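Please read the structure below before turning to the comments.
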Amino acid sequence: MILTCPSCSTHYFADDSTIGESGRTVKCAACGHSWFVQPKSLAEEKPAAPAHEVYRERLREQRREKSKIFAVVSWLFTGSLFVAATVAAFFFRNDVVKVWPQSAAAYRLAGLDVNRFGLDFADIERARTFNDTIPIVTVTGRAVNVANSAVQTPGVRVDLRDETGKVVATEYSFVTPAELEPGASGQFGVVVEPAPVESFEIVVSFVERSAVPNEPPVEDAPVPESQTFPVPEEPI
């Protein structure tokens with residue numbers, strides 16, 4: 001018979017007669033480990049497990065297989081949701097920022113541009129003039145709807161900063177009209193008076209309409225069409 005050391009897995013060939021009818025303890029010549037070896041006849045006559053134990057073991061094995069399948073499906077489902085959420089957050093990031101403005105910082109850290117207002121500045125003109133001896137800064141320009149749908153126009157904030165980047169003056173205005181169709185543009189104008197002499201840089205940005213301290217402009221109502229009535233003829 002073939003003996004295998006349970007410690008180092010060394011194999012030995014031994015005659016059945018050396019084991020005896022009741023078995024004996026043998027020692028591994030390679031590692032010195034000792035173990036008891038049963039005779040081959042006793043090893044082959046090992047009683048079979050009861051039928052109910054076999055059935056229970058079969059049920060346990062089925063449960064283990066189902067658990068493995070459930071775990072794999074759960075991980076696949078969770079991974080699919082994560083991928084779908086990541087793709088949606090990437091392609092619809094402007095909509096995400098509209099609902100959750102704080103997420104704009106996370107997108108910028110990831111190197112992604114966001115435009116939660118759906119507008120871009122265009123044709124911005126800056127002018128420094130004087131009203132008598134009072135310095136004035138005037139900023140005008142257009143806001144273009146670059147979104148695929150109509151947008152409510154926001155407010156415009158103009159910051160004057162000194163050479164260190166500190167804000168020394170701030171003024172607000174509104175983009176008119178209050179709603180822009182895709183591709184349309186609105187106007188805005190901001191006047192800072194008096195403009196601090198230390199102002200060095202002009203920064204223009206969009207803000208929520210609620211952040212503008214002054215009231216929005218009243219848009220002109222459409223002029224009704226004139227109506228003409230026939231003049232009655234004078235009697236002869």
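Here's how to read the names in the structure tokens: chain A, B, ... by the order shown, residue numbers from 1 in each chain, ligand numbers from 1 in the order shown.
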Spatial neighbours of region 142-149 of chain A, max dist 8 Å, only C-alpha atoms, sep filter under 2 positions, as a PDB file with C-alpha atoms, in the first residue's frame:
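To be explicit, this is the file written out as result_33.pdb:
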ATOM      1  CA  GLY A 118     -27.034  77.015 -19.535  1.00  0.00           C
ATOM      2  CA  LEU A 119     -25.660  80.430 -20.573  1.00  0.00           C
ATOM      3  CA  ASP A 120     -22.369  81.787 -21.860  1.00  0.00           C
ATOM      4  CA  PHE A 121     -21.155  85.381 -21.851  1.00  0.00           C
ATOM      5  CA  ALA A 122     -20.548  87.076 -25.203  1.00  0.00           C
ATOM      6  CA  ASP A 123     -19.417  90.509 -26.422  1.00  0.00           C
ATOM      7  CA  ILE A 124     -18.497  91.754 -22.949  1.00  0.00           C
ATOM      8  CA  THR A 140     -22.170  95.441 -20.717  1.00  0.00           C
ATOM      9  CA  VAL A 151     -33.824  78.730 -19.625  1.00  0.00           C
ATOM     10  CA  VAL A 175     -30.176  89.466 -17.871  1.00  0.00           C
ATOM     11  CA  LEU A 180     -34.375  82.691 -23.474  1.00  0.00           C
ATOM     12  CA  GLU A 181     -35.059  80.070 -26.094  1.00  0.00           C
ATOM     13  CA  PRO A 182     -32.173  77.827 -27.265  1.00  0.00           C
ATOM     14  CA  GLY A 183     -29.640  79.908 -29.217  1.00  0.00           C
ATOM     15  CA  ALA A 184     -31.226  83.220 -28.212  1.00  0.00           C
ATOM     16  CA  SER A 185     -29.352  85.914 -26.309  1.00  0.00           C
ATOM     17  CA  GLY A 186     -30.210  88.558 -23.742  1.00  0.00           C
ATOM     18  CA  GLN A 187     -28.570  91.800 -22.644  1.00  0.00           C
ATOM     19  CA  PHE A 188     -27.175  93.014 -19.345  1.00  0.00           C
TER      20      PHE A 188
END
Subject >> Residue neighbourhood region 21-33 of chain A, 8 Å, only C-alpha atoms, exclusion window fewer than 6 positions, as number ranges by chain >> reply: A: 5, 7-8, 10, 39
Subject >> Shell around Ala127 (chain A) at 9 Å using only C-alpha atoms, local window under 6 positions removed, as a list in words >> reply: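 Counting only the stated atoms, we get Ile136, Val137, Thr138, Val139 and Thr140 of chain A.
Residues with any atom within 8 Å of region 12-16 of chain A, counting only C-alpha atoms and excluding same-chain neighbours fewer than 2 positions away, are Met1, Ile2, Leu3, Thr4, Thr10, Thr18, Ile19, Gly20, Pro39 and Lys40 of chain A.
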**OP:** Would you please work out which residue, of A:Val168, A:Val156, A:Ala150, A:Val192, is nearest to Phe206 (chain A) when using only C-alpha atoms?
**Re:** A:Val156
Subject >> Length of the CA of Thr176 (chain A) to CA of Glu208 (chain A) vector [Å] >> reply: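 Calculated distance between CA of Thr176 (chain A) and CA of Glu208 (chain A) is 13.8 Å.
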